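Student: Before I ask anything, let me first share the structure, which is written out below as structure tokens.
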Amino acid sequence: GGTMKLFPNLKGEVNQLTEAMVDLYLSNQKKFTVDVQPQYFYSPRELSRWTRAIYEAVKDLESLSRGELVRLTAHEALRLFHDRLVTDEERDWCTDKVVEVLSDRFPGLEDNVLERPILYSTWLSKTYSSVGRDELRDFMSARLRVFYEEELNVPLVIFDQVLEHVCRIDRVLKQPMGHCLLVGDSGAGKTVLSKFVSWMNGLSIFQIKAHSKYGIEDFNED
């Protein structure tokens, strides 16, 4: 409700937005439990994170349409619920559920409002806004060439998942005390992507030097 005060044209959408968020939260909480994976733990804090993320994204905007609100809500829902899931089947279920609930709560949306992929970035504009896959790929390709020359001579193929991962990492690094755990096979690009996004944001990088006897005291010292 507080966020919608910034945009008088959206005051009538408060109840629909609240109901959609609670519905998605409860659906994911019921579907995915800690019995399946330890990170499948959901608390009402997810709703607070979700609300804060939406507010941070729109607080500096002069205007916001109904469609833009719904698309942003879907994006932040995917970051909260989708990104912690392990299997493709689980991620597909979550994505479909987001589209289903938002389409139901906000009838009459234009077809492109929930069109996938849903990518958000500040790199192509001054605000955190929805971006197209092709234009983001072109921008990243140009920046990666500079990154290779200045920092790391390791070519990276920009396929769709790379674009999505880069946007995810960038979103986290822009948040106060933002943090994330990247899980994947060795050589999948976790380190390179993290370094690239850090470089894009002018951040310095520190890496621990883990060894077989590395423990909590070593970590605290680092």
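Convention: chains lettered A, B, ... in structure tokens order; per-chain residue numbering from 1; ligands numbered from 1 as shown.
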Considering only helix (DSSP H, G or I) as DSSP defines it on the backbone, what residues of range 2-212 of chain A qualify? List them as a PyMOL selection string.

Tutor: chain A and resi 3-6+8-31+45-58+66-84+88-105+111-114+133-150+160-173+190-200

Student: With C-alpha atoms kept, could you save the residues just selected as a tab-separated table (two decimals), in the first residue's frame?

Tutor:
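Dumped everything to result.tsv:
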```
chain	number	residue	atom	x	y	z
A	3	THR	CA	4.53	1.92	-2.43
A	4	MET	CA	1.33	2.54	-4.38
A	5	LYS	CA	1.02	5.99	-2.78
A	6	LEU	CA	3.80	7.02	-5.15
A	8	PRO	CA	-2.10	7.50	-7.64
A	9	ASN	CA	-3.15	5.67	-10.80
A	10	LEU	CA	-2.36	2.34	-9.10
A	11	LYS	CA	-4.15	2.81	-5.77
A	12	GLY	CA	-6.94	0.57	-6.99
A	13	GLU	CA	-4.48	-2.30	-7.49
A	14	VAL	CA	-3.37	-2.61	-3.85
A	15	ASN	CA	-5.70	-5.45	-2.89
A	16	GLN	CA	-4.97	-7.44	-6.05
A	17	LEU	CA	-1.23	-7.05	-5.55
A	18	THR	CA	-1.42	-8.10	-1.90
A	19	GLU	CA	-3.58	-11.12	-2.67
A	20	ALA	CA	-1.29	-12.21	-5.50
A	21	MET	CA	1.81	-11.98	-3.33
A	22	VAL	CA	0.28	-13.92	-0.45
A	23	ASP	CA	-1.12	-16.52	-2.86
A	24	LEU	CA	2.28	-17.10	-4.49
A	25	TYR	CA	4.06	-17.20	-1.14
A	26	LEU	CA	1.68	-19.81	0.28
A	27	SER	CA	1.73	-21.88	-2.92
A	28	ASN	CA	5.54	-22.08	-2.93
A	29	GLN	CA	5.66	-22.72	0.82
A	30	LYS	CA	3.28	-25.64	0.42
A	31	LYS	CA	4.93	-27.07	-2.71
A	45	ARG	CA	10.10	-12.47	5.65
A	46	GLU	CA	9.89	-13.37	1.95
A	47	LEU	CA	6.94	-11.01	1.64
A	48	SER	CA	8.94	-8.23	3.28
A	49	ARG	CA	11.87	-8.81	0.90
A	50	TRP	CA	9.49	-8.85	-2.04
A	51	THR	CA	7.79	-5.60	-1.02
A	52	ARG	CA	11.12	-3.88	-0.39
A	53	ALA	CA	12.50	-5.00	-3.75
A	54	ILE	CA	9.49	-3.55	-5.58
A	55	TYR	CA	9.78	-0.29	-3.67
A	56	GLU	CA	13.50	0.06	-4.38
A	57	ALA	CA	12.84	-0.52	-8.07
A	58	VAL	CA	10.12	2.12	-8.42
A	66	ARG	CA	-0.36	-1.36	-14.34
A	67	GLY	CA	1.49	-3.63	-16.75
A	68	GLU	CA	4.90	-2.44	-15.55
A	69	LEU	CA	3.88	-3.10	-11.94
A	70	VAL	CA	2.76	-6.64	-12.75
A	71	ARG	CA	5.90	-7.45	-14.75
A	72	LEU	CA	8.15	-6.13	-11.97
A	73	THR	CA	6.18	-8.11	-9.39
A	74	ALA	CA	6.66	-11.25	-11.48
A	75	HIS	CA	10.39	-10.62	-11.80
A	76	GLU	CA	10.92	-10.17	-8.08
A	77	ALA	CA	8.79	-13.26	-7.38
A	78	LEU	CA	11.05	-15.32	-9.62
A	79	ARG	CA	14.14	-14.01	-7.86
A	80	LEU	CA	12.69	-14.93	-4.45
A	81	PHE	CA	11.18	-18.31	-5.23
A	82	HIS	CA	12.51	-19.60	-8.57
A	83	ASP	CA	16.22	-18.99	-8.00
A	84	ARG	CA	16.53	-21.29	-4.99
A	88	ASP	CA	14.07	-27.80	-14.15
A	89	GLU	CA	10.70	-29.28	-13.28
A	90	GLU	CA	10.52	-27.26	-10.07
A	91	ARG	CA	11.60	-24.06	-11.79
A	92	ASP	CA	9.05	-24.55	-14.58
A	93	TRP	CA	6.29	-25.09	-12.00
A	94	CYS	CA	7.26	-21.92	-10.16
A	95	THR	CA	7.40	-19.81	-13.33
A	96	ASP	CA	4.05	-21.12	-14.53
A	97	LYS	CA	2.54	-20.45	-11.11
A	98	VAL	CA	3.73	-16.84	-11.12
A	99	VAL	CA	2.18	-16.27	-14.53
A	100	GLU	CA	-1.04	-18.07	-13.54
A	101	VAL	CA	-1.60	-16.14	-10.31
A	102	LEU	CA	-0.76	-12.71	-11.70
A	103	SER	CA	-2.90	-13.29	-14.79
A	104	ASP	CA	-5.79	-14.30	-12.54
A	105	ARG	CA	-5.43	-11.39	-10.11
A	111	ASP	CA	0.08	-10.41	-23.81
A	112	ASN	CA	3.60	-8.98	-23.52
A	113	VAL	CA	3.34	-8.07	-19.82
A	114	LEU	CA	4.30	-11.58	-18.66
A	133	ARG	CA	17.26	-10.20	-24.42
A	134	ASP	CA	18.85	-9.16	-27.70
A	135	GLU	CA	19.70	-5.61	-26.68
A	136	LEU	CA	21.11	-6.85	-23.36
A	137	ARG	CA	23.22	-9.44	-25.19
A	138	ASP	CA	24.64	-6.76	-27.52
A	139	PHE	CA	25.49	-4.52	-24.57
A	140	MET	CA	27.12	-7.34	-22.62
A	141	SER	CA	29.15	-8.49	-25.62
A	142	ALA	CA	30.67	-5.03	-25.97
A	143	ARG	CA	31.45	-4.74	-22.25
A	144	LEU	CA	32.88	-8.26	-22.09
A	145	ARG	CA	35.38	-7.43	-24.83
A	146	VAL	CA	36.70	-4.60	-22.67
A	147	PHE	CA	36.66	-6.83	-19.60
A	148	TYR	CA	38.76	-9.47	-21.40
A	149	GLU	CA	41.33	-6.85	-22.37
A	150	GLU	CA	41.55	-5.19	-18.97
A	160	ASP	CA	20.59	-17.14	-22.56
A	161	GLN	CA	21.45	-18.56	-19.14
A	162	VAL	CA	24.53	-16.32	-18.93
A	163	LEU	CA	22.34	-13.25	-19.44
A	164	GLU	CA	19.99	-14.41	-16.71
A	165	HIS	CA	22.79	-15.21	-14.25
A	166	VAL	CA	24.52	-11.87	-14.85
A	167	CYS	CA	21.27	-10.01	-14.13
A	168	ARG	CA	20.76	-12.07	-10.96
A	169	ILE	CA	24.25	-11.36	-9.64
A	170	ASP	CA	24.00	-7.67	-10.54
A	171	ARG	CA	20.69	-7.38	-8.70
A	172	VAL	CA	22.16	-8.90	-5.54
A	173	LEU	CA	25.32	-6.76	-5.58
A	190	LYS	CA	30.50	-18.78	-11.57
A	191	THR	CA	33.79	-17.00	-10.81
A	192	VAL	CA	34.12	-15.28	-14.19
A	193	LEU	CA	30.54	-13.98	-14.10
A	194	SER	CA	30.94	-12.73	-10.54
A	195	LYS	CA	34.16	-10.94	-11.46
A	196	PHE	CA	32.56	-9.44	-14.55
A	197	VAL	CA	29.54	-8.06	-12.68
A	198	SER	CA	31.79	-6.74	-9.91
A	199	TRP	CA	33.95	-5.03	-12.52
A	200	MET	CA	30.85	-3.52	-14.13
```

Student: DSSP on the backbone: which residues in range 84-190 of chain A end up as strand (DSSP E)? Give the answer as a list in words.

Tutor: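 Assigned to strand (DSSP E), within range 84-190 of chain A: Leu119, Tyr120, Ser121, Ser129, Ser130 and Val131 of chain A.
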
Student: Between CA of Glu221 in chain A and CA of Lys209 in chain A, what is the distance, to one decimal in Å?

Tutor: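 Value for the CA of Glu221 in chain A-CA of Lys209 in chain A distance: 11.5 Å.
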
Student: Between CA of Val86 in chain A and CA of Pro117 in chain A, what is the spacing in Å?

Tutor: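 Taking CA of Pro117 in chain A as the start and CA of Val86 in chain A as the end point, the length is 18.7 Å.
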
Student: Quick one, how far is CA of Tyr42 in chain A from CA of Ile216 in chain A?

Tutor: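 CA of Tyr42 in chain A sits 27.6 Å away from CA of Ile216 in chain A.
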
Student: Taking 4 positions as the minimum chain separation for residues in the same chain, which residues sit within 8 Å of Ser130 in chain A when counting only C-alpha atoms? Answer as a short mmCIF file (atom, residue, chain, number, x, y, z; two decimals) with all heavy atoms, in the first residue's frame.

Tutor:
```cif
data_model
loop_
_atom_site.label_atom_id
_atom_site.label_comp_id
_atom_site.auth_asym_id
_atom_site.auth_seq_id
_atom_site.Cartn_x
_atom_site.Cartn_y
_atom_site.Cartn_z
N LEU A 72 7.15 -6.25 -13.03
CA LEU A 72 8.15 -6.13 -11.97
C LEU A 72 7.84 -7.08 -10.83
O LEU A 72 8.75 -7.72 -10.28
CB LEU A 72 8.19 -4.69 -11.46
CG LEU A 72 9.10 -4.42 -10.27
CD1 LEU A 72 10.56 -4.71 -10.62
CD2 LEU A 72 8.94 -2.98 -9.79
N ILE A 118 11.92 -12.69 -18.46
CA ILE A 118 11.73 -11.42 -17.74
C ILE A 118 13.09 -11.01 -17.18
O ILE A 118 13.58 -11.60 -16.22
CB ILE A 118 10.70 -11.57 -16.61
CG1 ILE A 118 9.36 -12.03 -17.18
CG2 ILE A 118 10.53 -10.26 -15.86
CD1 ILE A 118 8.27 -12.26 -16.13
N LEU A 119 13.71 -10.02 -17.81
CA LEU A 119 15.04 -9.56 -17.44
C LEU A 119 14.97 -8.09 -17.02
O LEU A 119 14.36 -7.28 -17.72
CB LEU A 119 16.03 -9.71 -18.61
CG LEU A 119 16.19 -11.11 -19.19
CD1 LEU A 119 17.01 -11.06 -20.47
CD2 LEU A 119 16.85 -12.04 -18.17
N TYR A 120 15.62 -7.76 -15.92
CA TYR A 120 15.66 -6.38 -15.44
C TYR A 120 17.11 -5.96 -15.22
O TYR A 120 17.93 -6.75 -14.77
CB TYR A 120 14.88 -6.22 -14.13
CG TYR A 120 13.42 -5.93 -14.32
CD1 TYR A 120 12.55 -6.92 -14.78
CD2 TYR A 120 12.90 -4.66 -14.09
CE1 TYR A 120 11.19 -6.65 -14.97
CE2 TYR A 120 11.54 -4.39 -14.28
CZ TYR A 120 10.71 -5.39 -14.72
OH TYR A 120 9.38 -5.12 -14.93
N SER A 121 17.39 -4.71 -15.54
CA SER A 121 18.75 -4.21 -15.39
C SER A 121 18.74 -2.68 -15.37
O SER A 121 17.79 -2.05 -15.85
CB SER A 121 19.62 -4.70 -16.55
OG SER A 121 20.91 -4.12 -16.51
#
```

Student: Do a neighbour search on Ile208 in chain A at 10 Å with only C-alpha atoms, toss out local chain neighbours closer than 5 positions, and write the hits as a list of chain:residue names.

Tutor: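 Those residues are A:Tyr214, A:Asp218, A:Phe219, A:Asp222.
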